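Reading through the structure tokens given below for one structure.
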Amino acid sequence: MHTSADDIVPKLVDVLLRNRDELLTVLTEIATAQAAGDELLRSVRALSGAPWELLRNSPRRLDRLATFLPSNNLLYSYVLFGVVPSLYTDEVRLRPSARVARAALAVHEILGPPLRRIGAGRIVMTPCTQQEFLADCARSDAVVFTGRPENGAAVAARLPAGTLLLSFGSGPNPVVVGPDADPDTVCRAVLDARLYNSGQDCLCTDLVLVHRSQVRALVPRLADALAGTRVGDRRDPATRVAPLVYPDAVEDAAAFLATHREFTVRGGRTDLARHTVEPTLLHLPWQEDFHPPELFSPVVLTMAYDTPGQVARWLRSAEETARGMYVSVFGEPALAGRSRIATSVVCEERVTFDVEDGNRPFGGYGPLAGNVRRRGIVTGRPLLLSAEASLPAAGSGTSPCFRSRTGA
């Protein structure tokens with residue numbers, strides 16, 4: 001590294017904190033004030049943990065990294081895939097999502113100049129087509145892709161075999177509510193996991209599996225809590241649910257709710273013109289072949305189960321094995337004490353947002369939830385760029401020992 005992380009990281013953190021108000025103004029264009037504030041703090045934490053992360057992983061020096069940024073978590077992604085990698089990369093090239101390019105560029109315009117003044121690595125953000133950016137990717141040592149797995153596969157097909165490719169997808173991140181769970185605790189946890197940024201996050205829970213003995217206690221609590229959820233302007237700190245950023249998310253929610261109307265417990269209304277989805281609760285009977293879509297909206301979906309074996313079989317199905325990310329387990333002794341079930345990492349008595357840590361590998365082992373391609377071999381596993389960059393490049397000598405930790 002040209003500059004010691006111990007020396008420069010405090011200055012990087014100071015840049016974020018000094019520009020806090022400007023950053024929050026930009027972030028609340030696409031996120032609630034609550035989510036934007038949390039994102040800022042997570043970004044500070046990830047930067048503060050960077051010296052430890054780099055000391056632990058000892059990534060090799062990269063000439064160039066190319067990153068397809070996601071359309072949410074703009075600041076956090078800028079830090080994780082731009083600022084931290086710049087500590088061991090000569091040039092980081094970022095392509096913002098076309099959906100939020102203006103806001104992403106605003107974050108770069110706020111942070112870029114002061115980062116350059118304190119000697120941070122070279123970070124370039126270029127709004128361009130995917131085809132144009134692929135040319136940059138082909139000349140890069142490593143590429144980070146965030147988005148749909150099918151698009152990630154298309155990117156992989158255009159890269160040289162020796163390029164390190166990390167593809168970040170998503171998963172349903174189910175919550176399991178067992179017979180020993182406390183209904184009030186679980187109610188709060190489920191809403192925290194489902195309503196983060198109005199439900200617009202890949203870590204949000206898309207399905208709550210409730211033991212039949214808990215249905216009468218939990219479902220009414222969720223319905224009452226959703227009825228009292230503050231809906232309004234995303235810039236208002238008291239707002240928990242705001243208009244959604246993407247019209248297609250409203251359309252998808254409307255179609256899903258219409259198809260499952262008979263299971264509606266509370267809410268269910270959508271307004272395409274205003275981009276709104278009412279905080280909604282649906283309760284389904286057990287269906288082993290039901291696999292929820294990524295709802296990306298404030299829709300809480302519960303499904304009753306009778307035995308923990310049903311849950312385990314569901315997690316081991318082909319569909320869920322492919323997209324296994326996290327599974328949160330509350331009060332279900334038969335599923336406790338495990339590090340993972342199939343490809344899903346177990347979060348015991350915690351939800352995804354409790355365990356996510358920007359300085360540790362992210363996600364589960366489902367190849368559609370996240371995978372790394374190295375020398376043509378694709379492996380689903382929790383991902384952290386500095387850990388993957390610690391392994392030797394294609395054609396180099398011996399491989400060091402690498403243990404993947406999930407933080408879960």
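For the structure tokens, the naming scheme is as follows: chains receive sequential letters (A, B, ...) according to their order of presentation, residues are indexed from 1 within each chain, and ligands are indexed from 1 in presentation order.
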
Find the residues near A:Leu207: any atom within 6 Å, counting only C-alpha atoms, skip ones fewer than 5 places away on the same chain, and give them as a count of residues only.
-> 3

Excluding same-chain residues fewer than 3 positions from A:Ser58, what lies within 8 Å of it counting only C-alpha atoms, as a PDB file with N, CA, C and O atoms, in the first residue's frame?
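Saved file out_27.pdb follows:
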```
ATOM      1  N   LEU A  54      -7.752  -5.048   6.428  1.00  0.00           N
ATOM      2  CA  LEU A  54      -6.603  -5.214   5.533  1.00  0.00           C
ATOM      3  C   LEU A  54      -5.459  -5.947   6.220  1.00  0.00           C
ATOM      4  O   LEU A  54      -4.740  -6.734   5.587  1.00  0.00           O
ATOM      5  N   LEU A  55      -5.282  -5.704   7.510  1.00  0.00           N
ATOM      6  CA  LEU A  55      -4.243  -6.436   8.257  1.00  0.00           C
ATOM      7  C   LEU A  55      -4.585  -7.919   8.281  1.00  0.00           C
ATOM      8  O   LEU A  55      -3.709  -8.772   8.123  1.00  0.00           O
ATOM      9  N   SER A 386     -11.424  -7.783  -0.164  1.00  0.00           N
ATOM     10  CA  SER A 386     -10.048  -7.869   0.327  1.00  0.00           C
ATOM     11  C   SER A 386      -9.644  -9.309   0.624  1.00  0.00           C
ATOM     12  O   SER A 386      -8.479  -9.684   0.459  1.00  0.00           O
ATOM     13  N   ALA A 387     -10.614 -10.140   1.059  1.00  0.00           N
ATOM     14  CA  ALA A 387     -10.310 -11.548   1.313  1.00  0.00           C
ATOM     15  C   ALA A 387     -10.054 -12.291   0.013  1.00  0.00           C
ATOM     16  O   ALA A 387      -9.126 -13.102  -0.091  1.00  0.00           O
ATOM     17  N   SER A 390      -6.753 -11.510  -1.498  1.00  0.00           N
ATOM     18  CA  SER A 390      -5.594 -12.044  -0.782  1.00  0.00           C
ATOM     19  C   SER A 390      -5.111 -13.338  -1.403  1.00  0.00           C
ATOM     20  O   SER A 390      -3.979 -13.756  -1.183  1.00  0.00           O
TER      21      SER A 390
END
```

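In terms of minimum interatomic distance to A:Pro279, A:Thr264 ranks closest within A:Phe362, A:Leu47, A:Arg338, A:Thr264, counting only C-alpha atoms.
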
Env of stretch 259-262 of chain A: 12 Å cut, atoms = only C-alpha atoms, seq-sep filter 2 positions within chain, self excluded. Answer as a ChimeraX atom specification. /A:252-257,264-269,280-285,292,299,301

Requested write-out: N, CA and C atoms of the selected residues, as a compact mmCIF listing (two decimals), in the first residue's frame:
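Printed below is again26.txt as written:
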```txt
# COMPACT_ATOMS: atom_id res chain seq x y z
N ASP A 252 -44.77 -4.57 -9.32
CA ASP A 252 -44.58 -5.96 -8.89
C ASP A 252 -45.36 -6.24 -7.61
N ALA A 253 -45.33 -5.29 -6.68
CA ALA A 253 -46.08 -5.48 -5.43
C ALA A 253 -47.57 -5.55 -5.71
N ALA A 254 -48.06 -4.67 -6.58
CA ALA A 254 -49.49 -4.66 -6.90
C ALA A 254 -49.92 -5.99 -7.51
N ALA A 255 -49.09 -6.54 -8.40
CA ALA A 255 -49.42 -7.82 -9.04
C ALA A 255 -49.41 -8.95 -8.02
N PHE A 256 -48.42 -8.95 -7.13
CA PHE A 256 -48.33 -10.00 -6.12
C PHE A 256 -49.52 -9.92 -5.16
N LEU A 257 -49.86 -8.73 -4.72
CA LEU A 257 -50.97 -8.57 -3.78
C LEU A 257 -52.31 -8.93 -4.42
N THR A 264 -54.84 -11.56 2.53
CA THR A 264 -54.56 -10.25 3.12
C THR A 264 -55.16 -10.14 4.51
N VAL A 265 -54.32 -9.78 5.47
CA VAL A 265 -54.76 -9.55 6.84
C VAL A 265 -54.95 -8.06 7.10
N ARG A 266 -54.03 -7.28 6.52
CA ARG A 266 -54.07 -5.83 6.73
C ARG A 266 -53.46 -5.13 5.53
N GLY A 267 -54.05 -4.00 5.10
CA GLY A 267 -53.49 -3.21 4.01
C GLY A 267 -53.83 -3.79 2.65
N GLY A 268 -52.88 -3.69 1.72
CA GLY A 268 -53.07 -4.25 0.39
C GLY A 268 -53.24 -3.23 -0.71
N ARG A 269 -53.36 -1.94 -0.37
CA ARG A 269 -53.59 -0.94 -1.40
C ARG A 269 -52.27 -0.44 -1.99
N THR A 280 -48.44 -3.67 4.47
CA THR A 280 -49.39 -4.76 4.24
C THR A 280 -48.92 -6.04 4.91
N LEU A 281 -49.90 -6.82 5.40
CA LEU A 281 -49.62 -8.12 5.99
C LEU A 281 -50.45 -9.18 5.29
N LEU A 282 -49.78 -10.22 4.82
CA LEU A 282 -50.44 -11.40 4.25
C LEU A 282 -50.05 -12.60 5.08
N HIS A 283 -51.02 -13.51 5.30
CA HIS A 283 -50.73 -14.74 6.02
C HIS A 283 -51.16 -15.93 5.17
N LEU A 284 -50.19 -16.78 4.84
CA LEU A 284 -50.43 -17.93 3.97
C LEU A 284 -50.41 -19.22 4.76
N PRO A 285 -51.16 -20.22 4.33
CA PRO A 285 -50.99 -21.57 4.87
C PRO A 285 -49.68 -22.15 4.36
N PRO A 292 -40.95 -16.94 -2.24
CA PRO A 292 -41.34 -15.55 -2.44
C PRO A 292 -40.41 -14.80 -3.38
N VAL A 299 -44.22 -5.03 2.39
CA VAL A 299 -45.17 -6.13 2.46
C VAL A 299 -44.59 -7.21 3.37
N LEU A 301 -44.94 -10.87 4.76
CA LEU A 301 -45.55 -12.12 4.32
C LEU A 301 -45.24 -13.21 5.33
```

message: Residues of stretch 14-224 of chain A classed as strand (DSSP E) by DSSP on the backbone are to be reported as a ChimeraX atom specification.
response: /A:62-68,89-95,122-125,142-146,164-168,175-177,208-211

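Minimum atom-to-atom distance to A:Arg234, evaluated using only C-alpha atoms, belongs to A:Leu24 out of A:Leu24, A:Ala334, A:Leu17, A:Ala249.
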
Exercise for the section: Write out as a ChimeraX atom specification each polymer residue whose atoms come within 10 Å of A:Val378, counting only C-alpha atoms; drop sequence neighbours fewer than 4 positions from it. Expected result: /A:165-167,367,371-374
